[in-house]
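Enquirer: The structure follows.
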Amino acid sequence: MFADELSVNKGEKKRDAARRSRLKAAAARKKKQDYIDKVEKERVAAERVAAERVAAENAAQTERVEGEKKRDGLDTTLPPLAGAESPPDKSMQGTAASPPKPPFSATSLDPSPPSSQPPSSKERLMAESKLRREERASKRKVERGVVALQSTLRMKLERAEVMKSKRKEYDGKITTLLQLAQAQKKKTSSTYIASPASIRELADMLLFLTSRASHERDGQRVAIFAGHIFMPGMGGKDENMHPLISWVGGEKMKRFIALCLKHIKEDDSFVQGTLGRFLSTLLMPSRDLPLLKEVKELTRYARYIVFSMSNIRTNIVKILRSHLLSSLPTYDVEFKLDNETRRRRTSALFQLTFEACNYDLENEQTRAWLISTFAAEILSVPLLNKRVSDEDLVLISLNLPSLSKAIVGMRELHGNCEIQALLPQYSLVEIPVPPILALFGNIVSALRLSKDQSEEYADAILKYAVPLLTGLIEEIPIGSFGSKSTVQWVKVGTSNKAIVVPEAVIEQSKGFCLDFVIRKLWAFVLGGGVPDSVVEEQMENIISRKDKEDVKLEKWDGGGGMTAKEMAVKDAKPERKKSFFGYLGGDSKGEESSSSSGSGNGGSSWAKKLSRLLGGSKKKKKNKDGDGMKGEGFLVNTSKMSRDIAGGGGGGGTLVNVKLNETTATKSGRGGAEFNISRVRAIAPLFCVLLSRWGGTGCFNIVSRRRLNESDATTFPEPAVLGVLNVLNYSTCIMKVLWAHLQDPSTRSDLEEVLEGKEGPMVLLNMGGGGKRGKTMACCSLFAALMSNALVLTDDDELLQGNKPLPLFHLRRIIVLFKRLVWKACSDGRAVEGAVCGIALVKNLTKVLNDLHDTHSRTPFCGSKLWLVEGHAQAESQVNRGRRLEDFVAILSSPAVQVVPYGVSLRVRMRLFERLVGLSKAHVQGVNEEGTLRPGRRVRIQRGRILEDGLATMNVLGPRLRERIMVQYTNEFGVEERGIDVGGLFKDFWSDLSELAFSPGYALFSETERGELYPSPIAMSAHGSDGCEQLFTFLGRIVGKALYENIVIQPVFAHFFLSFMKGGYNYNNMLSDLATKDRELYKNLMFLKDYEGDAEDLCLTFTVTQDDFGSGGEVELIPGGKDVDVTDRNKMRYIHLVAKYHMSDRIKLQSEAFRRGLGDVIEASWLRMFNEQELQILISGVGSGDLDIADLKRNVRYSGGFTGIDRNISNFWNAVESMTAKEQRQLIKFVTSCERAPSLGFAALDPPFTIQRIGISHDTEKLPSASTCFNILKLPTYSSKKVMKEKLLVSITSGTGFEMS
């Protein structure tokens, strides 16, 4: 048995040992050779120096001898010095050779100045002796080095022999004990327990062997000793036989535990398993056996050793972390290493560490600390799922609640600090993964493997793991769900260095956004026994209930049925002056008017009583809540209503009493399973933070108009996070659950605390997910995000008739709630900062309101007053009080007008626009009454060439079109007409110019089926790219100048083009807008959207057919679109691309040029206050139907002797009322140059409509004439109504200029 265990992987072990031996021998040889080479180099250098010195001295001596011979004539050549080369023998050479020249001169070796005296014989002997001493010293040094090297080698060899003999001795003793244990078990079936003395002797030998040098079989020796010698004695009841009792408190136990922890990481299943069992028995004794006092003390001491943070060698958590970090040195997605082998080597140590940390030793606080340490140290290892086995990950997933609870508890213990501060830090240069991101990715990986769907596990996940995930999502880098890699800046020394987070880590984090993970979290919310379909059915039943207020709001404006244009015209018309009794509060019109202005009770009580007595009207019945409704669609007193509901009262208004208990919200009726609404509240902050940071809504504070740092939130939504929205919307019923929960009385109470608080906008903009109120606002923010996402794919027909995503009456409730929340955020005019979640909350609320209002601007579904916010009356008073341009610019820049302009009535916004334009005009052109009127630009216009001359003379002005223009008309012969332009001629010219310029005959504009204009897609083909852009820029300036001069012009534009005109076109409305442009194409796309068969059967590709002037051709919607078939998976993309091609791509250049021209004259911010129909009213007046003659009568002035009771005036009004609608428009154009009433009615006409008396003696003397500059009708005093009408018709239909004047 043991022989088999020892022979595991024997061949592989031998090969590894042989390779290591070869490497060690090679290293030793290299070290020895390096030492020898060094000594040899020193010896050669010394010899060379000595030889050069001797050669120099020899040369000097030879020169002296030769000189003496020449001088004395004697041959006294001295023999050469020892060590010097002998001169060559002349007898053995063909020619005489001079002595070799030394490489260095004697002077270069001796720093002393050269001496003319030759050295004496004593000096030569001393130099020779010194040289020989140096040679002997160098030789001795080499000999000593060789002796030391030989001694070291002999010592190592002797030590190896000693260790070999000791190992052999140890192995022999171990084998003897194992054989003895086998014999005893075979004979008596009992376990052999070695004596403590034998164990101590063998332990000393093992520690000696493993501390001196490592051996390939050390792991197996330690495992055999621990598993088969130690463990039998650890399970006994006799403490005297326990092998480790005598080691408690000593150094020997530390060394032995460190030895076991060192070898448990080996790639040997026998070693891992045996050491794992031994350490488990040591650290976690079985609770089934009675633990002796000494054994408990032993366990405590052993656990103290392995968990001591001061000793890294024995700290099991630190050892595991170090091993995990070194086990996988690559962070690529595809691992080229033998990953399974590495993961297998880690498994035993991982499981041992986790079980030891989770072991309960009668101290819950210590256990919690150990679990939190394990979670912080191990779960923050990058890519843990690639470093441990799947079984280990399953172990983490099963214990994920306890691990999360430990980290959350540790965070609370440190004062709710950042989670990042609790994690171990390391160099991001070496490991380019932030610890916080590694922890998040590992928890996500564990969550993906969880299979437990029990109620207890679901509650624990939602109670502990979800808050931890929420905190992590708040802190992880912004690129965690983005592109394949993200850059993180770290500080290295005094500089910053960019690191790139690996793609594998990003992919691990993005695993949270996978659809099955989101559905798994939703399954936790539902609980183990409640199907999603049952909950959805219950929510459908709840939200299908109407109350009296819902029924009342369905009868808006007399039962509905009003078109968007008619509603805008109605809102733009001025209110009728109230009668005396209406003013006192007695009639319904007076009440409606007072409610729209925000007054309290619509009149005092005595006035109402007087009105009832005089008028006989019955007393109006109040609502149950005691506060009468102040007009249809007006703001409900939800504050009092919620208090009544919360207190058990009935409550009316738009708040339905939906009771969702916090613990048992919905019973499924199947086995008694319950749906817990508190689980929804638990998970809402998680998705709220995720969508706030990566959904593109938390980056810009729309209240203070300030952008957050790029590290806080993304500017655009990440595709992975959009997938989360889609899964929540279309795979769960969470949106309906949230909406039902938001109508619960307790939830409404939380909302009212926010709405009635005195914190101002900060309470919303700094809203987080903590606390009871924070979770309520998180539910509100998540619902708004889901609602906004659902509205993207919902067309007008589905929204208004198909009850998608919610019934129509719930949309009205949403408007009432959301507008109050947005107004709360905008209520303080000061610029305020905000947290990401609060900013995203306000942005989501605003997006839903904007989307619903866009739909309302096409097809109304509620009264206009339902959109008004609480402070609209305040805005009206500010507009009325304003005097300077700065006052109105401040109103325009206020958060309320910028965020929800439709929360202020149309009449107030139009007055604001009128003030802005008027003051700007006064600043640019001057004011005649104040003596500051500037001279105008004179232009000559031929009546037959209005468009051509206008383009040639005025398009070059650009922004200077704001200046005063004075028109001089000429006839076809170039003769100037009589008349001086002080405003009237220009208005006449501009009206005619706009009528001609927007004619479809010029191929610049096309008409929809309803006759509305939009840029022609063939304009570029007809006029060329440059010419088309120039023309549309001029057309934009025409409209801008008309708005600037308060000239009502004829063109009626399509809804979608008006969206382009005011800027910020909402591309989510492309499908709905397409229905107004090409109904047939829209029906075909809707057929494809709802097609239940296989879309491939329709044989469609991602192309559209373009037909310009009969030349057809295919246009690819995507690169290579002709080869991409439309399938069920991509048909929604095809539908939106087709809509985008027709609604944007083909008219984009024309629309942008038009908008630029319009912006040269009118500020874009002035137009963003209005929706499309309202903007059309600004351009074309209140309508093209019958004029409001009553409004004209109320605002007319008389001069020259006329009064309102004059007979001629009576004849005039009778004649006007008997005219046709066309003739009435011609009359208005004859006087004002515009055939439509101003946007704000005739009260806004400046100068006012005036009728001047012209006295005549007989009816044929004069015709009626007009001064369009001053809007004056010069009316002769005709004898009868009949004559007056005839003369009026002659004047207004003649079409002449000043010839009749």
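Numbering starts fresh at 1 for the residues of each chain in the structure tokens, the chains themselves are lettered A, B, ... in the order given, and ligands are numbered from 1 as they appear.
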What lies within 12 Å of Lys265 (chain A) using only C-alpha atoms, ignoring chain neighbours under 4 positions off, as a CSV table (one decimal) with N, CA, C and O atoms, in the first residue's frame?

Expert:
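Resulting contents of around-v2.csv:
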chain,number,residue,atom,x,y,z
A,219,GLY,N,8.5,16.0,0.2
A,219,GLY,CA,7.1,16.1,0.3
A,219,GLY,C,6.5,14.8,0.7
A,219,GLY,O,5.6,14.7,1.6
A,223,ALA,N,4.6,13.9,4.2
A,223,ALA,CA,3.2,13.4,4.2
A,223,ALA,C,3.1,12.0,4.9
A,223,ALA,O,2.1,11.8,5.6
A,258,ALA,N,4.9,24.9,9.3
A,258,ALA,CA,5.4,25.6,8.1
A,258,ALA,C,5.8,24.6,7.1
A,258,ALA,O,5.7,24.8,5.8
A,259,LEU,N,6.4,23.5,7.5
A,259,LEU,CA,6.9,22.4,6.6
A,259,LEU,C,5.7,21.8,5.9
A,259,LEU,O,5.7,21.5,4.7
A,260,CYS,N,4.6,21.5,6.6
A,260,CYS,CA,3.4,20.9,6.0
A,260,CYS,C,2.8,21.9,5.0
A,260,CYS,O,2.4,21.5,3.9
A,261,LEU,N,2.7,23.2,5.4
A,261,LEU,CA,2.1,24.2,4.5
A,261,LEU,C,3.0,24.4,3.2
A,261,LEU,O,2.5,24.7,2.1
A,269,SER,N,-1.1,14.1,-5.5
A,269,SER,CA,-2.3,13.9,-4.9
A,269,SER,C,-2.2,13.3,-3.5
A,269,SER,O,-2.9,13.6,-2.6
A,270,PHE,N,-1.2,12.4,-3.4
A,270,PHE,CA,-0.9,11.7,-2.1
A,270,PHE,C,-0.5,12.7,-1.1
A,270,PHE,O,-1.0,12.8,0.1
A,271,VAL,N,0.5,13.6,-1.4
A,271,VAL,CA,1.0,14.6,-0.5
A,271,VAL,C,-0.1,15.6,-0.2
A,271,VAL,O,-0.3,15.9,1.0
A,272,GLN,N,-0.8,16.0,-1.1
A,272,GLN,CA,-1.9,17.0,-0.9
A,272,GLN,C,-3.0,16.4,0.0
A,272,GLN,O,-3.4,17.1,1.0
A,273,GLY,N,-3.4,15.2,-0.3
A,273,GLY,CA,-4.5,14.7,0.5
A,273,GLY,C,-4.1,14.3,1.9
A,273,GLY,O,-4.8,14.6,2.9
A,274,THR,N,-2.9,13.8,2.1
A,274,THR,CA,-2.4,13.4,3.4
A,274,THR,C,-2.2,14.6,4.3
A,274,THR,O,-2.6,14.7,5.4
A,275,LEU,N,-1.5,15.6,3.8
A,275,LEU,CA,-1.2,16.8,4.6
A,275,LEU,C,-2.5,17.5,4.8
A,275,LEU,O,-2.6,18.2,5.9
A,276,GLY,N,-3.4,17.5,3.8
A,276,GLY,CA,-4.7,18.2,4.1
A,276,GLY,C,-5.4,17.6,5.2
A,276,GLY,O,-6.0,18.3,6.1
A,316,ILE,N,-1.5,30.7,6.9
A,316,ILE,CA,-2.1,29.9,5.9
A,316,ILE,C,-2.8,30.7,4.8
A,316,ILE,O,-2.7,30.4,3.6
A,319,ILE,N,-0.1,32.4,2.7
A,319,ILE,CA,0.6,31.3,1.9
A,319,ILE,C,-0.3,31.0,0.7
A,319,ILE,O,0.2,30.9,-0.5
A,320,LEU,N,-1.6,30.8,0.9
A,320,LEU,CA,-2.5,30.5,-0.2
A,320,LEU,C,-2.6,31.7,-1.2
A,320,LEU,O,-2.5,31.5,-2.4
A,321,ARG,N,-2.6,32.9,-0.7
A,321,ARG,CA,-2.7,34.1,-1.6
A,321,ARG,C,-1.4,34.1,-2.4
A,321,ARG,O,-1.5,34.4,-3.6
A,322,SER,N,-0.3,34.0,-1.8
A,322,SER,CA,1.0,34.0,-2.5
A,322,SER,C,1.1,32.9,-3.6
A,322,SER,O,1.5,33.2,-4.7
A,323,HIS,N,0.6,31.8,-3.2
A,323,HIS,CA,0.6,30.7,-4.2
A,323,HIS,C,-0.3,30.9,-5.3
A,323,HIS,O,0.0,30.7,-6.5
A,324,LEU,N,-1.5,31.5,-5.0
A,324,LEU,CA,-2.5,31.8,-6.1
A,324,LEU,C,-1.9,32.9,-7.0
A,324,LEU,O,-2.1,32.8,-8.3
A,326,SER,N,1.1,33.5,-7.8
A,326,SER,CA,2.3,33.0,-8.6
A,326,SER,C,1.9,31.8,-9.4
A,326,SER,O,2.7,31.4,-10.3
A,327,SER,N,0.7,31.3,-9.3
A,327,SER,CA,0.3,30.1,-10.0
A,327,SER,C,-0.1,30.4,-11.4
A,327,SER,O,-0.1,29.5,-12.2
A,341,THR,N,-3.6,21.5,-14.2
A,341,THR,CA,-2.6,21.0,-13.2
A,341,THR,C,-2.3,22.0,-12.1
A,341,THR,O,-2.3,21.7,-10.9
A,342,ARG,N,-2.2,23.3,-12.5
A,342,ARG,CA,-2.0,24.3,-11.5
A,342,ARG,C,-3.2,24.5,-10.5
A,342,ARG,O,-3.1,24.6,-9.3
A,343,ARG,N,-4.4,24.4,-11.1
A,343,ARG,CA,-5.6,24.5,-10.3
A,343,ARG,C,-5.7,23.3,-9.4
A,343,ARG,O,-6.2,23.5,-8.2
A,344,ARG,N,-5.3,22.2,-9.8
A,344,ARG,CA,-5.4,21.0,-9.0
A,344,ARG,C,-4.4,21.1,-7.8
A,344,ARG,O,-4.7,20.6,-6.7
A,345,ARG,N,-3.2,21.6,-8.1
A,345,ARG,CA,-2.2,21.8,-7.0
A,345,ARG,C,-2.7,22.7,-5.9
A,345,ARG,O,-2.3,22.6,-4.8
A,346,THR,N,-3.6,23.6,-6.2
A,346,THR,CA,-4.1,24.6,-5.3
A,346,THR,C,-5.3,24.2,-4.5
A,346,THR,O,-5.5,24.7,-3.4
A,347,SER,N,-6.0,23.2,-5.0
A,347,SER,CA,-7.3,22.8,-4.4
A,347,SER,C,-7.2,22.4,-3.0
A,347,SER,O,-8.0,22.9,-2.1
A,348,ALA,N,-6.2,21.5,-2.6
A,348,ALA,CA,-6.2,21.1,-1.2
A,348,ALA,C,-5.9,22.2,-0.3
A,348,ALA,O,-6.6,22.3,0.8
A,349,LEU,N,-4.9,23.1,-0.6
A,349,LEU,CA,-4.6,24.2,0.3
A,349,LEU,C,-5.8,25.1,0.4
A,349,LEU,O,-6.1,25.7,1.4
A,350,PHE,N,-6.5,25.3,-0.7
A,350,PHE,CA,-7.6,26.3,-0.8
A,350,PHE,C,-8.7,25.7,0.2
A,350,PHE,O,-9.3,26.5,1.0
A,351,GLN,N,-9.1,24.5,0.0
A,351,GLN,CA,-10.2,24.0,0.8
A,351,GLN,C,-9.8,23.9,2.3
A,351,GLN,O,-10.6,24.2,3.2
A,352,LEU,N,-8.6,23.6,2.6
A,352,LEU,CA,-8.1,23.6,3.9
A,352,LEU,C,-8.2,24.9,4.6
A,352,LEU,O,-8.7,25.1,5.7

Enquirer: Pick out the residues sitting within 12 Å of region 1217-1219 of chain A, and hand them over as a PDB file with N, CA and C atoms, in the first residue's frame; count only C-alpha atoms, and ignore anything fewer than 2 positions along from it in its own chain.

Expert:
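File written: selection20.pdb
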ATOM      1  N   ASP A1186     -60.879  79.650 -39.387  1.00  0.00           N
ATOM      2  CA  ASP A1186     -61.572  80.909 -39.174  1.00  0.00           C
ATOM      3  C   ASP A1186     -60.828  81.748 -38.139  1.00  0.00           C
ATOM      4  N   LEU A1187     -60.766  83.015 -38.379  1.00  0.00           N
ATOM      5  CA  LEU A1187     -60.144  83.924 -37.432  1.00  0.00           C
ATOM      6  C   LEU A1187     -61.057  84.124 -36.224  1.00  0.00           C
ATOM      7  N   ASP A1188     -60.438  84.431 -35.111  1.00  0.00           N
ATOM      8  CA  ASP A1188     -61.191  84.714 -33.901  1.00  0.00           C
ATOM      9  C   ASP A1188     -61.572  86.190 -33.936  1.00  0.00           C
ATOM     10  N   ILE A1189     -62.731  86.495 -34.553  1.00  0.00           N
ATOM     11  CA  ILE A1189     -63.181  87.869 -34.713  1.00  0.00           C
ATOM     12  C   ILE A1189     -63.454  88.499 -33.359  1.00  0.00           C
ATOM     13  N   ALA A1190     -63.926  87.694 -32.404  1.00  0.00           N
ATOM     14  CA  ALA A1190     -64.201  88.235 -31.075  1.00  0.00           C
ATOM     15  C   ALA A1190     -62.911  88.729 -30.430  1.00  0.00           C
ATOM     16  N   LEU A1192     -60.302  89.789 -32.058  1.00  0.00           N
ATOM     17  CA  LEU A1192     -59.931  91.010 -32.769  1.00  0.00           C
ATOM     18  C   LEU A1192     -60.735  92.198 -32.243  1.00  0.00           C
ATOM     19  N   LYS A1193     -62.037  91.993 -32.005  1.00  0.00           N
ATOM     20  CA  LYS A1193     -62.867  93.086 -31.480  1.00  0.00           C
ATOM     21  C   LYS A1193     -62.356  93.577 -30.128  1.00  0.00           C
ATOM     22  N   SER A1210     -70.105  99.469 -36.547  1.00  0.00           N
ATOM     23  CA  SER A1210     -71.048  98.349 -36.508  1.00  0.00           C
ATOM     24  C   SER A1210     -71.186  97.725 -37.886  1.00  0.00           C
ATOM     25  N   ASN A1211     -71.280  98.591 -38.940  1.00  0.00           N
ATOM     26  CA  ASN A1211     -71.354  98.057 -40.309  1.00  0.00           C
ATOM     27  C   ASN A1211     -70.083  97.282 -40.674  1.00  0.00           C
ATOM     28  N   PHE A1212     -68.967  97.816 -40.215  1.00  0.00           N
ATOM     29  CA  PHE A1212     -67.704  97.141 -40.520  1.00  0.00           C
ATOM     30  C   PHE A1212     -67.668  95.728 -39.929  1.00  0.00           C
ATOM     31  N   TRP A1213     -68.021  95.597 -38.664  1.00  0.00           N
ATOM     32  CA  TRP A1213     -67.969  94.262 -38.034  1.00  0.00           C
ATOM     33  C   TRP A1213     -68.997  93.324 -38.639  1.00  0.00           C
ATOM     34  N   ASN A1214     -70.147  93.859 -38.986  1.00  0.00           N
ATOM     35  CA  ASN A1214     -71.139  93.015 -39.650  1.00  0.00           C
ATOM     36  C   ASN A1214     -70.630  92.540 -41.001  1.00  0.00           C
ATOM     37  N   ALA A1215     -69.937  93.437 -41.725  1.00  0.00           N
ATOM     38  CA  ALA A1215     -69.379  93.047 -43.021  1.00  0.00           C
ATOM     39  C   ALA A1215     -68.288  91.994 -42.852  1.00  0.00           C
ATOM     40  N   ALA A1221     -63.975  82.692 -44.678  1.00  0.00           N
ATOM     41  CA  ALA A1221     -62.712  82.591 -43.938  1.00  0.00           C
ATOM     42  C   ALA A1221     -61.546  83.105 -44.767  1.00  0.00           C
ATOM     43  N   LYS A1222     -61.557  82.821 -46.080  1.00  0.00           N
ATOM     44  CA  LYS A1222     -60.478  83.290 -46.937  1.00  0.00           C
ATOM     45  C   LYS A1222     -60.482  84.806 -47.025  1.00  0.00           C
ATOM     46  N   GLU A1223     -61.666  85.405 -47.153  1.00  0.00           N
ATOM     47  CA  GLU A1223     -61.754  86.859 -47.252  1.00  0.00           C
ATOM     48  C   GLU A1223     -61.330  87.530 -45.947  1.00  0.00           C
ATOM     49  N   GLN A1224     -61.644  86.899 -44.821  1.00  0.00           N
ATOM     50  CA  GLN A1224     -61.206  87.441 -43.538  1.00  0.00           C
ATOM     51  C   GLN A1224     -59.682  87.426 -43.433  1.00  0.00           C
ATOM     52  N   ARG A1225     -59.064  86.327 -43.897  1.00  0.00           N
ATOM     53  CA  ARG A1225     -57.602  86.276 -43.871  1.00  0.00           C
ATOM     54  C   ARG A1225     -57.004  87.325 -44.805  1.00  0.00           C
ATOM     55  N   GLN A1226     -57.638  87.546 -45.938  1.00  0.00           N
ATOM     56  CA  GLN A1226     -57.145  88.567 -46.856  1.00  0.00           C
ATOM     57  C   GLN A1226     -57.246  89.953 -46.236  1.00  0.00           C
ATOM     58  N   LEU A1227     -58.307  90.190 -45.476  1.00  0.00           N
ATOM     59  CA  LEU A1227     -58.452  91.475 -44.804  1.00  0.00           C
ATOM     60  C   LEU A1227     -57.320  91.678 -43.793  1.00  0.00           C
ATOM     61  N   LYS A1281     -73.842  98.943 -44.910  1.00  0.00           N
ATOM     62  CA  LYS A1281     -73.051  97.721 -44.704  1.00  0.00           C
ATOM     63  C   LYS A1281     -72.700  97.096 -46.040  1.00  0.00           C
ATOM     64  N   LYS A1282     -73.639  97.085 -46.963  1.00  0.00           N
ATOM     65  CA  LYS A1282     -73.411  96.466 -48.269  1.00  0.00           C
ATOM     66  C   LYS A1282     -72.290  97.162 -49.025  1.00  0.00           C
ATOM     67  N   MET A1284     -69.948  99.002 -47.759  1.00  0.00           N
ATOM     68  CA  MET A1284     -68.684  98.829 -47.043  1.00  0.00           C
ATOM     69  C   MET A1284     -68.059  97.480 -47.366  1.00  0.00           C
ATOM     70  N   LYS A1285     -68.860  96.436 -47.430  1.00  0.00           N
ATOM     71  CA  LYS A1285     -68.302  95.115 -47.733  1.00  0.00           C
ATOM     72  C   LYS A1285     -67.757  95.071 -49.147  1.00  0.00           C
ATOM     73  N   GLU A1286     -68.513  95.683 -50.090  1.00  0.00           N
ATOM     74  CA  GLU A1286     -68.048  95.675 -51.478  1.00  0.00           C
ATOM     75  C   GLU A1286     -66.713  96.408 -51.609  1.00  0.00           C
ATOM     76  N   LEU A1288     -64.509  96.993 -49.295  1.00  0.00           N
ATOM     77  CA  LEU A1288     -63.447  96.231 -48.615  1.00  0.00           C
ATOM     78  C   LEU A1288     -62.932  95.095 -49.500  1.00  0.00           C
ATOM     79  N   LEU A1289     -63.855  94.382 -50.140  1.00  0.00           N
ATOM     80  CA  LEU A1289     -63.437  93.263 -50.993  1.00  0.00           C
ATOM     81  C   LEU A1289     -62.632  93.748 -52.179  1.00  0.00           C
ATOM     82  N   ILE A1292     -59.031  94.509 -50.757  1.00  0.00           N
ATOM     83  CA  ILE A1292     -58.218  93.396 -50.261  1.00  0.00           C
ATOM     84  C   ILE A1292     -57.931  92.358 -51.330  1.00  0.00           C
TER      85      ILE A1292
END

Enquirer: Excluding Lys736 (chain A) and residues on its chain fewer than 3 positions from it, collect all residues at most 8 Å away from it, counting only C-alpha atoms, and give them as a PyMOL selection string.

Expert: chain A and resi 536+539-540+543+733+739-740+806

Enquirer: From the list A:Asn1171, A:Ser920, A:Thr1008, A:Thr1033, which residue is nearest Gly1159 (chain A) when using only C-alpha atoms?

Expert: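 Between A:Asn1171, A:Ser920, A:Thr1008, A:Thr1033, the residue approaching Gly1159 (chain A) most closely is A:Thr1033.
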
Enquirer: Let's see if you can do this: from backbone DSSP, list all strand (DSSP E or B) residues in region 792-985 of chain A, as a list in words.

Expert: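 So, restricting region 792-985 of chain A to strand (DSSP E or B), we get Arg937, Arg938, Val939, Arg940, Ile941, Gln942, Ile965, Met966, Val967, Gln968, Tyr969, Thr970 and Glu976 of chain A.
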
Enquirer: Counting only C-alpha atoms, which residue out of A:Glu948, A:Ile1047, A:Gly903, A:Leu1100 sits closest to Phe986 (chain A)?

Expert: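 Closest residue, counting only C-alpha atoms: A:Ile1047.
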
Enquirer: For Arg1156 (chain A), work out the shell of residues within 12 Å, counting only C-alpha atoms and skipping chain neighbours fewer than 6 positions away, then give it as a VMD selection string.

Expert: chain A and resid 958 to 959 1029 to 1040 1060 to 1063 1149 to 1150 1162 to 1164

Enquirer: What lies within 9 Å of Thr1127 (chain A) using only C-alpha atoms, ignoring chain neighbours under 6 positions off, as a PyMOL selection string?

Expert: chain A and resi 1094-1097+1100

Enquirer: For all heavy atoms, I'd like the residues from the last selection saved as a tab-separated table (two decimals), in the first residue's frame.

Expert:
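Output file out_26.tsv follows:
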chain	number	residue	atom	x	y	z
A	1094	ASP	N	-41.23	33.05	-39.95
A	1094	ASP	CA	-39.79	33.24	-40.08
A	1094	ASP	C	-39.54	34.44	-40.99
A	1094	ASP	O	-39.97	34.48	-42.15
A	1094	ASP	CB	-39.14	31.99	-40.67
A	1094	ASP	CG	-37.63	32.04	-40.58
A	1094	ASP	OD1	-37.09	33.10	-40.22
A	1094	ASP	OD2	-36.98	31.02	-40.89
A	1095	ALA	N	-38.83	35.45	-40.46
A	1095	ALA	CA	-38.59	36.67	-41.23
A	1095	ALA	C	-37.78	36.40	-42.49
A	1095	ALA	O	-37.87	37.17	-43.46
A	1095	ALA	CB	-37.87	37.70	-40.36
A	1096	GLU	N	-37.01	35.33	-42.51
A	1096	GLU	CA	-36.22	35.02	-43.70
A	1096	GLU	C	-37.10	34.66	-44.89
A	1096	GLU	O	-36.66	34.76	-46.04
A	1096	GLU	CB	-35.24	33.89	-43.40
A	1096	GLU	CG	-34.14	34.26	-42.41
A	1096	GLU	CD	-33.09	33.18	-42.28
A	1096	GLU	OE1	-32.39	32.92	-43.27
A	1096	GLU	OE2	-32.99	32.60	-41.18
A	1097	ASP	N	-38.32	34.24	-44.61
A	1097	ASP	CA	-39.23	33.90	-45.71
A	1097	ASP	C	-39.60	35.13	-46.54
A	1097	ASP	O	-40.05	34.99	-47.68
A	1097	ASP	CB	-40.51	33.26	-45.15
A	1097	ASP	CG	-40.21	31.94	-44.44
A	1097	ASP	OD1	-39.14	31.36	-44.71
A	1097	ASP	OD2	-41.03	31.52	-43.61
A	1100	LEU	N	-35.80	39.59	-47.37
A	1100	LEU	CA	-35.33	40.97	-47.23
A	1100	LEU	C	-33.86	40.98	-46.90
A	1100	LEU	O	-33.34	40.06	-46.25
A	1100	LEU	CB	-36.11	41.69	-46.13
A	1100	LEU	CG	-37.61	41.87	-46.34
A	1100	LEU	CD1	-38.25	42.46	-45.08
A	1100	LEU	CD2	-37.87	42.78	-47.54

Enquirer: To test your reading of the structure, identify every residue in region 132-330 of chain A that backbone DSSP assigns to helix (DSSP H, G or I), and report it as a ChimeraX atom specification.

Expert: /A:132-188,196-212,218-234,239-241,245-247,251-263,269-283,293-307,316-327

Enquirer: Ranking A:Leu125, A:Leu738, A:Leu1158, A:Val317 by minimum distance to Ala375 (chain A) and counting only C-alpha atoms, which one comes first?

Expert: A:Val317

Enquirer: Counting only C-alpha atoms, which residues of region 453-571 of chain A fall within 10 Å of region 393-416 of chain A, and what is the closest atom pair for each with its distance in Å at one decimal, ordered by chain and rising number, as CSV?

Expert:
residue,atom,partner,partner_atom,distance
A:Tyr457,CA,A:Pro401,CA,7.7
A:Ala458,CA,A:Pro401,CA,9.2
A:Asp459,CA,A:Pro401,CA,9.1
A:Ala460,CA,A:Pro401,CA,5.5
A:Ile461,CA,A:Pro401,CA,5.4
A:Leu462,CA,A:Pro401,CA,8.5
A:Lys463,CA,A:Pro401,CA,8.0
A:Tyr464,CA,A:Lys405,CA,5.1
A:Ala465,CA,A:Ser404,CA,5.1
A:Val466,CA,A:Ser404,CA,8.5
A:Pro467,CA,A:Val408,CA,7.9
A:Leu468,CA,A:Ser404,CA,6.2
A:Leu469,CA,A:Ser404,CA,8.8
A:Gly471,CA,A:Val408,CA,9.2

Enquirer: List the neighbours of Gly1200 (chain A) out to 12 Å using only C-alpha atoms; skip same-chain residues closer than 3 positions along the sequence, and give me the result as a ChimeraX atom specification.

Expert: /A:1197,1203,1206,1250-1255,1272-1277
